[in-house]
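Trainee: So here's model12.txt, just compact mmCIF, C-alpha atoms and all ligand atoms:
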# COMPACT_ATOMS: atom_id res chain seq x y z
CA MET A 3 100.11 84.33 76.13
CA ALA A 4 100.86 87.17 78.49
CA VAL A 5 100.18 86.44 82.09
CA ASP A 6 102.05 88.59 84.57
CA ILE A 7 102.01 88.87 88.34
CA LEU A 8 102.75 92.11 90.10
CA ILE A 9 103.69 91.97 93.76
CA GLY A 10 105.04 94.21 96.50
CA THR A 11 108.55 93.11 97.46
CA GLN A 12 108.75 94.78 100.87
CA TRP A 13 106.26 95.28 103.74
CA GLY A 14 103.51 96.65 101.49
CA ASP A 15 102.88 100.25 100.43
CA GLU A 16 105.42 100.09 97.60
CA GLY A 17 103.07 101.89 95.21
CA LYS A 18 101.48 98.85 93.57
CA GLY A 19 98.16 100.60 92.82
CA LYS A 20 99.86 103.16 90.63
CA LEU A 21 101.98 100.59 88.80
CA ILE A 22 99.04 98.32 88.16
CA ASP A 23 97.13 101.26 86.80
CA VAL A 24 100.05 102.03 84.48
CA LEU A 25 100.40 98.40 83.34
CA THR A 26 96.66 97.89 82.82
CA LYS A 27 96.64 100.04 79.72
CA ASP A 28 97.76 96.89 77.90
CA VAL A 29 95.77 94.19 79.70
CA ASP A 30 92.36 92.58 79.36
CA MET A 31 91.91 91.41 82.94
CA VAL A 32 93.20 92.28 86.44
CA VAL A 33 92.84 89.70 89.21
CA ARG A 34 93.26 90.12 92.97
CA TYR A 35 94.26 86.79 94.51
CA GLN A 36 94.92 87.27 98.24
CA GLY A 37 94.37 89.62 101.16
CA GLY A 38 91.26 91.71 101.53
CA ASN A 39 90.39 95.25 102.44
CA ASN A 40 93.52 95.49 104.56
CA ALA A 41 95.05 96.63 101.26
CA GLY A 42 94.94 100.25 100.18
CA HIS A 43 96.01 100.73 96.57
CA THR A 44 96.29 104.40 95.70
CA VAL A 45 95.77 105.50 92.11
CA GLU A 46 96.07 109.15 91.05
CA ILE A 47 94.53 110.15 87.74
CA GLY A 48 94.88 113.84 86.94
CA ASP A 49 93.77 115.66 90.09
CA GLU A 50 91.68 112.75 91.31
CA ARG A 51 93.01 110.41 93.99
CA TYR A 52 91.39 107.03 94.61
CA VAL A 53 92.20 104.44 97.26
CA LEU A 54 91.08 100.94 96.35
CA HIS A 55 90.76 98.25 99.01
CA LEU A 56 89.05 95.28 97.36
CA VAL A 57 88.28 96.35 93.82
CA PRO A 58 91.15 95.48 91.44
CA SER A 59 93.15 98.47 90.19
CA GLY A 60 92.09 97.90 86.56
CA ILE A 61 88.74 99.50 87.39
CA PHE A 62 89.62 102.89 85.86
CA ARG A 63 89.83 101.35 82.41
CA PRO A 64 86.29 100.31 81.45
CA GLU A 65 87.46 97.67 78.97
CA VAL A 66 89.40 95.75 81.66
CA LYS A 67 87.67 92.89 83.47
CA CYS A 68 88.33 93.02 87.23
CA VAL A 69 88.18 89.74 89.10
CA ILE A 70 88.33 89.22 92.87
CA GLY A 71 89.76 85.72 93.06
CA ASN A 72 89.11 82.76 95.35
CA GLY A 73 92.08 83.54 97.61
CA VAL A 74 90.73 86.95 98.63
CA VAL A 75 88.81 87.43 101.87
CA VAL A 76 85.90 89.73 101.11
CA ASP A 77 83.89 91.86 103.48
CA PRO A 78 80.64 92.07 101.48
CA VAL A 79 79.45 95.26 103.18
CA ALA A 80 82.82 96.94 102.55
CA LEU A 81 82.90 95.79 98.89
CA ASP A 82 79.36 97.01 98.30
CA GLU A 83 80.25 100.43 99.79
CA GLU A 84 83.53 100.69 97.89
CA MET A 85 81.78 100.02 94.58
CA ALA A 86 78.95 102.45 95.37
CA LYS A 87 81.49 105.19 96.18
CA LEU A 88 83.33 104.56 92.92
CA ARG A 89 80.07 104.81 90.98
CA GLU A 90 79.27 108.10 92.75
CA ARG A 91 82.55 109.41 91.33
CA GLY A 92 81.61 108.30 87.84
CA VAL A 93 83.66 105.07 87.72
CA ASP A 94 82.01 102.19 85.85
CA THR A 95 81.98 99.10 88.10
CA SER A 96 80.04 96.78 85.81
CA ASN A 97 83.18 94.81 84.97
CA VAL A 98 83.79 93.48 88.50
CA GLU A 99 83.46 89.74 89.13
CA LEU A 100 83.66 87.98 92.49
CA SER A 101 84.84 84.38 92.74
CA ASP A 102 82.22 82.06 94.19
CA ARG A 103 85.02 80.46 96.22
CA ALA A 104 86.20 83.65 97.96
CA GLN A 105 85.79 83.60 101.72
CA LEU A 106 83.62 86.26 103.37
CA ILE A 107 84.52 88.55 106.25
CA PHE A 108 81.85 89.63 108.70
CA THR A 109 81.70 91.97 111.67
CA TYR A 110 82.43 89.09 114.05
CA HIS A 111 85.80 88.62 112.32
CA ARG A 112 86.66 92.27 112.87
CA MET A 113 85.60 92.00 116.52
CA ALA A 114 87.76 88.88 116.93
CA ASP A 115 90.69 90.68 115.26
CA ALA A 116 90.39 93.47 117.86
CA LEU A 117 90.07 90.96 120.70
CA ASN A 118 93.17 89.03 119.56
CA GLU A 119 95.15 92.25 119.49
CA GLN A 120 93.94 93.31 122.95
CA GLY A 121 94.85 89.95 124.44
CA ALA A 122 98.20 89.58 122.66
CA VAL A 123 101.47 89.64 124.58
CA ARG A 124 102.86 91.54 121.60
CA LYS A 125 100.43 93.08 119.18
CA ILE A 126 100.77 92.48 115.43
CA GLY A 127 99.34 95.93 114.71
CA THR A 128 96.78 94.55 112.25
CA THR A 129 94.59 96.78 110.11
CA GLY A 130 91.63 95.59 112.20
CA ARG A 131 89.72 94.44 109.11
CA GLY A 132 89.16 90.87 110.34
CA ILE A 133 91.63 89.40 107.86
CA GLY A 134 93.34 86.91 110.21
CA PRO A 135 90.13 85.54 111.75
CA ALA A 136 88.54 85.13 108.28
CA TYR A 137 91.53 83.13 107.00
CA THR A 138 91.47 81.15 110.26
CA ASP A 139 87.83 80.21 109.60
CA LYS A 140 88.76 79.18 106.07
CA MET A 141 91.37 76.77 107.44
CA ARG A 142 89.04 75.56 110.20
CA ARG A 143 86.62 74.87 107.36
CA CYS A 144 83.79 76.90 108.84
CA GLY A 145 84.08 79.96 106.62
CA ILE A 146 81.22 81.20 104.46
CA ARG A 147 82.04 81.60 100.77
CA ALA A 148 80.83 84.17 98.27
CA ILE A 149 78.60 81.63 96.52
CA THR A 150 76.36 81.84 99.59
CA LEU A 151 75.66 85.51 98.77
CA THR A 152 73.42 84.15 96.00
CA LYS A 153 71.37 82.07 98.46
CA PRO A 154 69.93 84.45 101.09
CA ASP A 155 68.25 81.74 103.20
CA GLN A 156 71.43 79.69 103.50
CA LEU A 157 73.41 82.86 104.14
CA ALA A 158 71.15 83.84 107.04
CA GLU A 159 71.30 80.35 108.51
CA LYS A 160 75.08 80.02 108.28
CA PHE A 161 75.68 83.58 109.44
CA ARG A 162 73.48 83.13 112.54
CA ALA A 163 75.23 79.85 113.42
CA GLU A 164 78.76 81.24 113.03
CA ALA A 165 77.90 84.52 114.74
CA GLU A 166 76.45 82.67 117.72
CA LYS A 167 79.74 80.74 118.11
CA TYR A 168 81.67 84.01 118.07
CA ASN A 169 79.29 85.58 120.59
CA LYS A 170 79.97 82.64 122.94
CA LEU A 171 83.66 83.39 122.60
CA PHE A 172 83.12 87.10 123.21
CA ARG A 173 81.04 86.26 126.31
CA PHE A 174 83.81 84.00 127.57
CA TYR A 175 86.32 86.85 127.33
CA GLY A 176 83.88 89.40 128.79
CA ALA A 177 83.91 91.33 125.50
CA PRO A 178 80.82 92.99 124.00
CA GLU A 179 78.71 90.69 121.85
CA MET A 180 77.58 91.31 118.29
CA ASP A 181 73.94 92.19 117.53
CA ILE A 182 73.40 89.28 115.16
CA GLU A 183 70.09 90.32 113.61
CA ALA A 184 71.15 93.95 113.05
CA GLU A 185 74.34 92.79 111.32
CA LEU A 186 72.45 90.23 109.27
CA VAL A 187 70.25 92.99 107.81
CA LYS A 188 73.40 94.76 106.50
CA VAL A 189 74.87 91.52 105.17
CA LEU A 190 71.67 90.55 103.33
CA GLU A 191 71.42 93.99 101.78
CA ALA A 192 75.02 93.78 100.53
CA ALA A 193 74.36 90.22 99.31
CA GLU A 194 71.42 91.44 97.24
CA HIS A 195 73.69 93.94 95.49
CA LEU A 196 76.67 91.63 95.09
CA ALA A 197 74.96 88.36 94.08
CA LYS A 198 75.10 89.26 90.39
CA LEU A 199 78.90 89.60 90.54
CA VAL A 200 79.43 86.07 91.82
CA ALA A 201 80.82 83.65 89.22
CA ASN A 202 82.95 80.54 88.84
CA SER A 203 85.97 82.79 88.29
CA VAL A 204 88.54 80.03 87.98
CA TYR A 205 86.98 79.40 84.53
CA THR A 206 86.75 83.11 83.72
CA ILE A 207 90.46 83.47 84.39
CA ASN A 208 91.66 80.25 82.74
CA ASN A 209 89.43 80.76 79.69
CA ALA A 210 90.97 84.21 79.29
CA ILE A 211 94.47 82.74 79.57
CA ARG A 212 93.67 79.99 77.05
CA ALA A 213 92.25 82.59 74.67
CA GLY A 214 95.58 84.42 74.77
CA LYS A 215 94.25 87.44 76.67
CA LYS A 216 96.57 89.56 78.76
CA VAL A 217 95.95 88.95 82.42
CA LEU A 218 97.61 90.75 85.31
CA PHE A 219 97.55 89.37 88.83
CA GLU A 220 97.57 92.15 91.42
CA GLY A 221 99.28 91.23 94.66
CA ALA A 222 98.39 93.03 97.87
CA GLN A 223 100.65 93.78 100.87
CA GLY A 224 104.24 92.67 100.20
CA GLY A 225 106.52 89.64 100.23
CA LEU A 226 107.86 90.41 103.70
CA LEU A 227 104.31 90.17 105.09
CA ASP A 228 103.82 86.68 103.63
CA ILE A 229 102.45 84.18 106.16
CA ASP A 230 105.29 81.71 105.40
CA HIS A 231 108.14 83.88 104.18
CA GLY A 232 107.59 87.15 106.01
CA THR A 233 108.67 88.30 109.44
CA TYR A 234 106.43 85.79 111.24
CA PRO A 235 104.41 86.35 113.42
CA PHE A 236 104.35 90.02 112.35
CA VAL A 237 102.80 89.22 109.00
CA THR A 238 99.44 89.11 107.31
CA SER A 239 97.53 85.84 106.95
CA SER A 240 97.91 85.11 103.24
CA ASN A 241 100.61 84.18 100.73
CA THR A 242 101.61 87.55 99.36
CA ILE A 243 104.45 86.14 97.23
CA SER A 244 103.90 85.47 93.52
CA GLY A 245 103.11 81.80 94.17
CA GLY A 246 99.95 82.98 95.94
CA ALA A 247 98.46 83.72 92.52
CA CYS A 248 98.38 80.01 91.65
CA THR A 249 96.36 79.02 94.69
CA GLY A 250 94.50 82.31 95.07
CA ALA A 251 93.20 82.41 91.51
CA GLY A 252 93.43 78.78 90.40
CA ILE A 253 96.04 79.16 87.66
CA PRO A 254 98.88 76.78 86.74
CA PRO A 255 102.47 78.01 87.40
CA GLN A 256 103.56 77.53 83.78
CA SER A 257 101.02 80.08 82.60
CA VAL A 258 103.03 82.92 84.17
CA ARG A 259 105.41 84.99 82.02
CA ASP A 260 106.80 87.85 84.12
CA VAL A 261 106.84 88.61 87.81
CA TRP A 262 106.94 92.34 88.40
CA GLY A 263 108.29 93.35 91.79
CA VAL A 264 107.34 96.80 92.98
CA ILE A 265 110.16 98.04 95.14
CA LYS A 266 110.35 101.37 96.92
CA ALA A 267 113.72 103.14 96.73
CA TYR A 268 113.79 103.03 100.53
CA THR A 269 111.85 100.91 103.05
CA THR A 270 108.65 101.44 105.04
CA ARG A 271 106.52 99.35 107.33
CA VAL A 272 103.19 99.85 109.17
CA GLY A 273 102.25 97.89 112.23
CA GLU A 274 104.59 96.05 114.56
CA GLY A 275 107.51 93.78 113.80
CA PRO A 276 111.23 93.87 113.14
CA PHE A 277 112.60 96.41 110.68
CA PRO A 278 116.42 96.39 110.75
CA THR A 279 116.98 99.56 108.70
CA GLU A 280 114.37 101.68 110.47
CA LEU A 281 115.53 105.25 111.06
CA PHE A 282 114.47 107.04 114.23
CA ASP A 283 116.21 110.30 113.38
CA ALA A 284 115.54 113.35 111.21
CA MET A 285 116.23 111.30 108.07
CA GLY A 286 113.39 108.89 108.97
CA GLU A 287 111.06 111.85 109.48
CA LYS A 288 112.17 113.37 106.20
CA LEU A 289 111.33 110.17 104.30
CA ARG A 290 107.91 110.06 106.00
CA GLN A 291 107.06 113.66 105.10
CA ARG A 292 108.53 113.74 101.59
CA GLY A 293 107.10 110.30 100.77
CA ARG A 294 103.69 111.05 102.35
CA GLU A 295 104.15 107.86 104.32
CA PHE A 296 100.82 107.54 106.08
CA GLY A 297 98.75 104.35 105.73
CA ALA A 298 96.17 104.40 102.90
CA THR A 299 93.86 102.09 104.87
CA THR A 300 94.36 103.13 108.49
CA GLY A 301 96.07 106.55 108.20
CA ARG A 302 98.82 105.34 110.57
CA PRO A 303 102.27 106.97 110.11
CA ARG A 304 104.57 104.47 108.40
CA ARG A 305 107.93 103.58 109.89
CA CYS A 306 110.69 104.58 107.44
CA GLY A 307 114.29 103.54 106.79
CA TRP A 308 116.99 102.90 104.21
CA PHE A 309 116.67 100.31 101.46
CA ASP A 310 117.18 96.80 102.84
CA ALA A 311 118.67 94.58 100.13
CA VAL A 312 118.81 91.52 102.41
CA ALA A 313 115.08 91.53 103.11
CA SER A 314 114.03 92.68 99.62
CA GLY A 315 116.51 90.28 97.99
CA TYR A 316 114.94 87.35 99.85
CA SER A 317 111.50 88.48 98.80
CA CYS A 318 112.53 88.89 95.14
CA MET A 319 114.16 85.46 95.18
CA VAL A 320 111.10 83.68 96.60
CA SER A 321 108.78 85.39 94.11
CA GLY A 322 111.13 85.00 91.13
CA VAL A 323 110.95 88.72 90.37
CA ASN A 324 112.43 89.32 86.91
CA LYS A 325 111.22 92.89 86.42
CA LEU A 326 111.60 95.59 89.01
CA ALA A 327 109.46 98.70 89.20
CA VAL A 328 111.32 101.13 91.45
CA THR A 329 108.99 103.67 93.04
CA LYS A 330 109.44 106.94 94.92
CA LEU A 331 113.00 107.51 93.75
CA ASP A 332 112.30 111.28 93.91
CA VAL A 333 111.77 111.04 97.69
CA LEU A 334 115.56 110.64 98.05
CA ASP A 335 116.25 113.76 95.93
CA ASP A 336 117.82 115.95 98.58
CA CYS A 337 119.92 113.35 100.44
CA ASP A 338 123.66 114.01 100.60
CA GLU A 339 124.22 110.26 100.75
CA VAL A 340 121.95 107.29 100.15
CA ALA A 341 122.40 103.97 101.94
CA LEU A 342 121.72 100.36 100.99
CA CYS A 343 121.78 97.61 103.60
CA THR A 344 123.85 94.72 102.22
CA GLY A 345 124.05 92.48 105.29
CA TYR A 346 123.07 92.05 108.92
CA GLU A 347 125.36 91.66 111.87
CA ILE A 348 123.68 89.27 114.28
CA ASN A 349 125.49 88.34 117.49
CA GLY A 350 128.81 89.47 116.02
CA LYS A 351 128.43 87.52 112.74
CA VAL A 352 127.66 89.13 109.41
CA THR A 353 125.14 87.41 107.16
CA THR A 354 123.56 88.23 103.82
CA GLU A 355 120.74 85.74 104.42
CA PHE A 356 117.33 86.78 105.70
CA PRO A 357 116.73 84.90 108.97
CA ALA A 358 113.47 83.11 109.83
CA GLU A 359 113.33 84.34 113.41
CA ALA A 360 111.83 87.74 114.18
CA SER A 361 113.99 87.81 117.31
CA ASP A 362 117.17 87.58 115.17
CA LEU A 363 115.95 90.39 112.96
CA GLU A 364 115.19 92.48 116.01
CA ILE A 365 118.84 92.45 117.08
CA ALA A 366 120.24 92.60 113.54
CA LYS A 367 122.52 95.58 112.96
CA PRO A 368 122.41 96.68 109.33
CA VAL A 369 125.66 96.73 107.37
CA TYR A 370 125.42 99.73 105.04
CA GLU A 371 126.96 100.72 101.78
CA PHE A 372 126.77 104.50 101.25
CA LEU A 373 126.58 106.10 97.82
CA PRO A 374 126.56 109.81 96.93
CA GLY A 375 123.12 111.40 96.61
CA TRP A 376 122.06 113.20 93.41
CA LYS A 377 120.79 116.40 95.07
CA CYS A 378 118.41 117.44 92.30
CA ASP A 379 114.71 117.23 91.50
CA LEU A 380 113.81 114.01 89.64
CA SER A 381 110.06 114.56 89.52
CA ASN A 382 110.17 115.88 85.95
CA VAL A 383 112.52 113.23 84.55
CA ARG A 384 110.78 111.05 81.96
CA LYS A 385 113.71 109.09 80.48
CA TYR A 386 116.29 106.83 82.07
CA ASP A 387 119.06 108.60 80.16
CA ASP A 388 118.08 111.91 81.78
CA LEU A 389 118.69 110.60 85.30
CA PRO A 390 121.81 111.95 87.00
CA ASP A 391 124.73 109.51 87.22
CA ALA A 392 124.45 109.21 90.99
CA ALA A 393 120.80 108.06 90.67
CA LYS A 394 121.75 105.57 87.94
CA LYS A 395 124.52 104.15 90.16
CA TYR A 396 122.13 103.81 93.10
CA LEU A 397 119.58 101.98 90.93
CA ALA A 398 122.18 99.71 89.38
CA ARG A 399 123.51 98.68 92.78
CA LEU A 400 120.01 98.11 94.13
CA ALA A 401 119.13 95.84 91.19
CA GLU A 402 122.42 93.97 91.49
CA LEU A 403 121.86 93.31 95.18
CA VAL A 404 118.38 91.87 94.67
CA HIS A 405 119.42 89.91 91.53
CA SER A 406 116.84 91.41 89.22
CA GLU A 407 116.50 94.02 86.48
CA ILE A 408 114.87 97.41 86.57
CA ALA A 409 112.10 97.81 83.99
CA ILE A 410 110.13 100.80 85.29
CA ILE A 411 111.01 103.84 87.38
CA SER A 412 108.51 106.09 89.10
CA VAL A 413 109.39 109.60 90.24
CA GLY A 414 106.06 110.86 91.55
CA PRO A 415 102.48 109.84 92.30
CA ARG A 416 100.91 110.70 88.95
CA ARG A 417 100.40 108.29 86.05
CA ASP A 418 102.71 110.35 83.82
CA GLN A 419 105.61 110.34 86.32
CA THR A 420 106.62 106.84 85.26
CA PHE A 421 108.97 105.65 82.55
CA LEU A 422 110.29 102.43 81.12
CA VAL A 423 113.99 101.64 81.29
P1 LIG B 501 96.33 92.30 108.82
O1 LIG B 501 96.64 92.01 107.38
O2 LIG B 501 95.25 93.35 108.99
O3 LIG B 501 96.08 91.06 109.60
O4 LIG B 501 97.66 92.94 109.46
C1 LIG B 501 98.87 92.19 109.64
C2 LIG B 501 100.07 93.06 109.36
O5 LIG B 501 100.12 93.37 107.97
C3 LIG B 501 100.08 94.41 110.08
O6 LIG B 501 101.42 94.74 110.39
C4 LIG B 501 99.55 95.37 109.03
O7 LIG B 501 99.96 96.70 109.27
C5 LIG B 501 100.19 94.77 107.79
N1 LIG B 501 99.42 95.08 106.57
C6 LIG B 501 98.28 94.51 106.16
N2 LIG B 501 97.90 95.01 104.99
C7 LIG B 501 98.82 95.91 104.63
C8 LIG B 501 99.00 96.73 103.46
O8 LIG B 501 98.22 96.72 102.50
N3 LIG B 501 100.11 97.53 103.47
C9 LIG B 501 101.01 97.52 104.47
N4 LIG B 501 100.90 96.75 105.56
C10 LIG B 501 99.81 95.96 105.64
Please go through the file and, once you have read it, give me the structure as structure tokens.

Mentor:
Amino acid sequence: MAVDILIGTQWGDEGKGKLIDVLTKDVDMVVRYQGGNNAGHTVEIGDERYVLHLVPSGIFRPEVKCVIGNGVVVDPVALDEEMAKLRERGVDTSNVELSDRAQLIFTYHRMADALNEQGAVRKIGTTGRGIGPAYTDKMRRCGIRAITLTKPDQLAEKFRAEAEKYNKLFRFYGAPEMDIEAELVKVLEAAEHLAKLVANSVYTINNAIRAGKKVLFEGAQGGLLDIDHGTYPFVTSSNTISGGACTGAGIPPQSVRDVWGVIKAYTTRVGEGPFPTELFDAMGEKLRQRGREFGATTGRPRRCGWFDAVASGYSCMVSGVNKLAVTKLDVLDDCDEVALCTGYEINGKVTTEFPAEASDLEIAKPVYEFLPGWKCDLSNVRKYDDLPDAAKKYLARLAELVHSEIAIISVGPRRDQTFLV
């Protein structure tokens, strides 16, 4: 049995797409279990660059089954378009399956997302994809699930009823209303294309596990954006930690072998919310430019800062990360010194614990440990032993601080710029 979960350990954008692509050479199935098309998983193969939003990152290997699990919120029009674009580029999408229990996102969710942000005292800085409102509908028990894509009459009826409720809300706030019939045409067209993908995926996944197949669960976003464990309220609306795979795909906890934590050698964040190690100086700009830190989904510049071992350590602890995949180590190549945040000073007291309150994190002053930089190009290194001592020391300290072990290092965006430790 080989069932692994791969998650982001920070605020997303750790390079999960690339790692999943690397790991999928040995797996039979890749499963997305939470989030939606707020995710942007970048995979570079040769000179081709792909950004996946809903389709699992196993898609580039035709023998791998790609399942969108019950915990994902799926915009059917966006999924239909994403798959069509992949096919135009010669990618075989016939192995994609969509859980009948997955909740659907519609235009009214995106409009509500925008309205929430406009009316907020402090914006979250969402991706605007309707993720929060779709999960809200799931919990209010008025969401529409993917099974309904296979029943056009029911879909039209439920869509009209829900859309009318949202239009009432939009009217109340003086916001523009949605053209229900025009949107329904798009939804029904997408439903016609997607209906054949819909399946009782909890069985697909558990049958594969029972048959001893290798299954990889692909987390989206990162542990610090988790609805319970992240920097609430500046979080996404799903459980991004490894435990989310159990509820979001319907698998038992004891089926899991390894939890891979993708961890960037420094820290980034998009959207609002506390970020204790954020750098506002030339170093922050350097990380952004060298690391090409611009959002894969929204194109927004990412906020950049030093590695935060308090925040990432919390995230690794909650997810039980036992294998670390350190990404973008090469971005730090020309730093004289590299810093790791080992504690926070909050109101004059130093703590190594990650606080629950965003307001505490906002005033937290990072306590840094500085190590010498390696000042050489790592992008061509392909073996751990070939890393300079300074890089090895930095990695060893990082792993020690987050109580885990490094298993993979990535020194560039391409598939081949990755090696096992
Ligand atoms: P939402 O998921 O669109 O509701 O956005 C909530 C917060 O999560 C915002 O700060 C987003 O920028 C952030 N977020 C959502 N998805 C991603 C992602 O895939 N990478 C990084 N940040 C994300």

Trainee: Name the closest residue to ligand LIG 501 (chain B) among the candidates A:Ile47, A:Ile133, A:Ile410, A:Ile253; distances are taken between atoms, counting all atoms listed in the file.

Mentor: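 Distance minimum relative to ligand LIG 501 (chain B) lands on A:Ile133.
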
Trainee: Output as JSON lines one row per residue of chain A within 7 Å of ligand LIG 501 (chain B): the closest atom pair and its distance in Å to one decimal place, counting all atoms listed in the file, sorted by chain and residue number ascending.

Mentor:
{"residue": "A:Trp13", "atom": "CA", "partner": "B:LIG501", "partner_atom": "C9", "distance": 5.8}
{"residue": "A:Gly14", "atom": "CA", "partner": "B:LIG501", "partner_atom": "C9", "distance": 4.0}
{"residue": "A:Asp15", "atom": "CA", "partner": "B:LIG501", "partner_atom": "N3", "distance": 4.9}
{"residue": "A:Asn40", "atom": "CA", "partner": "B:LIG501", "partner_atom": "N2", "distance": 4.4}
{"residue": "A:Ala41", "atom": "CA", "partner": "B:LIG501", "partner_atom": "O8", "distance": 3.4}
{"residue": "A:Gly42", "atom": "CA", "partner": "B:LIG501", "partner_atom": "O8", "distance": 5.3}
{"residue": "A:Ile126", "atom": "CA", "partner": "B:LIG501", "partner_atom": "O6", "distance": 5.6}
{"residue": "A:Gly127", "atom": "CA", "partner": "B:LIG501", "partner_atom": "C3", "distance": 4.9}
{"residue": "A:Thr128", "atom": "CA", "partner": "B:LIG501", "partner_atom": "O4", "distance": 3.3}
{"residue": "A:Thr129", "atom": "CA", "partner": "B:LIG501", "partner_atom": "O2", "distance": 3.7}
{"residue": "A:Gly130", "atom": "CA", "partner": "B:LIG501", "partner_atom": "O2", "distance": 5.3}
{"residue": "A:Arg131", "atom": "CA", "partner": "B:LIG501", "partner_atom": "O2", "distance": 5.6}
{"residue": "A:Gly132", "atom": "CA", "partner": "B:LIG501", "partner_atom": "O2", "distance": 6.7}
{"residue": "A:Ile133", "atom": "CA", "partner": "B:LIG501", "partner_atom": "O3", "distance": 5.1}
{"residue": "A:Gly134", "atom": "CA", "partner": "B:LIG501", "partner_atom": "O3", "distance": 5.0}
{"residue": "A:Ala222", "atom": "CA", "partner": "B:LIG501", "partner_atom": "O8", "distance": 5.9}
{"residue": "A:Gln223", "atom": "CA", "partner": "B:LIG501", "partner_atom": "O8", "distance": 4.1}
{"residue": "A:Leu227", "atom": "CA", "partner": "B:LIG501", "partner_atom": "O5", "distance": 6.0}
{"residue": "A:Phe236", "atom": "CA", "partner": "B:LIG501", "partner_atom": "O6", "distance": 5.9}
{"residue": "A:Val237", "atom": "CA", "partner": "B:LIG501", "partner_atom": "C2", "distance": 4.7}
{"residue": "A:Thr238", "atom": "CA", "partner": "B:LIG501", "partner_atom": "C1", "distance": 3.9}
{"residue": "A:Ser239", "atom": "CA", "partner": "B:LIG501", "partner_atom": "O3", "distance": 6.0}
{"residue": "A:Arg271", "atom": "CA", "partner": "B:LIG501", "partner_atom": "N4", "distance": 6.4}
{"residue": "A:Val272", "atom": "CA", "partner": "B:LIG501", "partner_atom": "O7", "distance": 4.5}
{"residue": "A:Gly273", "atom": "CA", "partner": "B:LIG501", "partner_atom": "O6", "distance": 3.7}
{"residue": "A:Glu274", "atom": "CA", "partner": "B:LIG501", "partner_atom": "O6", "distance": 5.4}

Trainee: Atom CA of A:Arg399 and atom CA of A:Gln419 are how many Å apart?

Mentor: 22.3 Å

Trainee: Nearest residue to A:Leu21 out of A:Ile265, A:Ala284, A:Ala197, A:Leu400, using only C-alpha atoms?

Mentor: A:Ile265

Trainee: For A:Leu326, which residue among A:Val57, A:Leu151, A:Ala116, A:Val261 is the nearest when counting all atoms listed in the file?

Mentor: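 Selected residue with least distance to A:Leu326: A:Val261.
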
Trainee: With 8 Å as the threshold, what does the neighbourhood of (76.5, 80.0, 104.4) contain in terms of residues, counting only C-alpha atoms? Coordinates are those of the file; answer as a VMD selection string.

Mentor: chain A and resid 145 to 147 150 to 151 156 to 161

Trainee: Export C-alpha atoms of the chosen residues as an mmCIF file, in the frame of the given file?

Mentor:
data_model
loop_
_atom_site.group_PDB
_atom_site.id
_atom_site.type_symbol
_atom_site.label_atom_id
_atom_site.label_comp_id
_atom_site.auth_asym_id
_atom_site.auth_seq_id
_atom_site.Cartn_x
_atom_site.Cartn_y
_atom_site.Cartn_z
ATOM 1 C CA GLY A 145 84.080 79.960 106.620
ATOM 2 C CA ILE A 146 81.220 81.200 104.460
ATOM 3 C CA ARG A 147 82.040 81.600 100.770
ATOM 4 C CA THR A 150 76.360 81.840 99.590
ATOM 5 C CA LEU A 151 75.660 85.510 98.770
ATOM 6 C CA GLN A 156 71.430 79.690 103.500
ATOM 7 C CA LEU A 157 73.410 82.860 104.140
ATOM 8 C CA ALA A 158 71.150 83.840 107.040
ATOM 9 C CA GLU A 159 71.300 80.350 108.510
ATOM 10 C CA LYS A 160 75.080 80.020 108.280
ATOM 11 C CA PHE A 161 75.680 83.580 109.440
#

Trainee: So that I can see what lies close to stretch 355-368 of chain A, please list as a VMD selection string the residues with an atom at most 10 Å from it, counting all atoms listed in the file and leaving out residues fewer than 3 positions away in the same chain.

Mentor: chain A and resid 230 to 236 275 to 280 308 310 to 317 342 to 352 371

Trainee: Saving stretch 359-377 of chain A with C-alpha atoms, as a PDB file, in the first residue's frame, what would that file be?

Mentor:
ATOM      1  CA  GLU A 359      -4.952  35.552  16.616  1.00  0.00           C
ATOM      2  CA  ALA A 360      -4.157  37.417  13.406  1.00  0.00           C
ATOM      3  CA  SER A 361      -3.808  40.574  15.500  1.00  0.00           C
ATOM      4  CA  ASP A 362      -0.958  38.965  17.521  1.00  0.00           C
ATOM      5  CA  LEU A 363       0.780  37.931  14.330  1.00  0.00           C
ATOM      6  CA  GLU A 364       0.409  41.430  12.963  1.00  0.00           C
ATOM      7  CA  ILE A 365       2.492  42.869  15.799  1.00  0.00           C
ATOM      8  CA  ALA A 366       4.884  39.913  16.016  1.00  0.00           C
ATOM      9  CA  LYS A 367       8.526  40.892  15.530  1.00  0.00           C
ATOM     10  CA  PRO A 368      10.495  38.027  14.011  1.00  0.00           C
ATOM     11  CA  VAL A 369      13.495  36.701  15.920  1.00  0.00           C
ATOM     12  CA  TYR A 370      16.071  35.769  13.286  1.00  0.00           C
ATOM     13  CA  GLU A 371      18.974  33.417  13.089  1.00  0.00           C
ATOM     14  CA  PHE A 372      21.393  34.427  10.310  1.00  0.00           C
ATOM     15  CA  LEU A 373      23.547  31.930   8.437  1.00  0.00           C
ATOM     16  CA  PRO A 374      26.171  32.614   5.751  1.00  0.00           C
ATOM     17  CA  GLY A 375      24.923  32.503   2.160  1.00  0.00           C
ATOM     18  CA  TRP A 376      26.515  30.178  -0.425  1.00  0.00           C
ATOM     19  CA  LYS A 377      27.005  32.798  -3.160  1.00  0.00           C
TER      20      LYS A 377
END
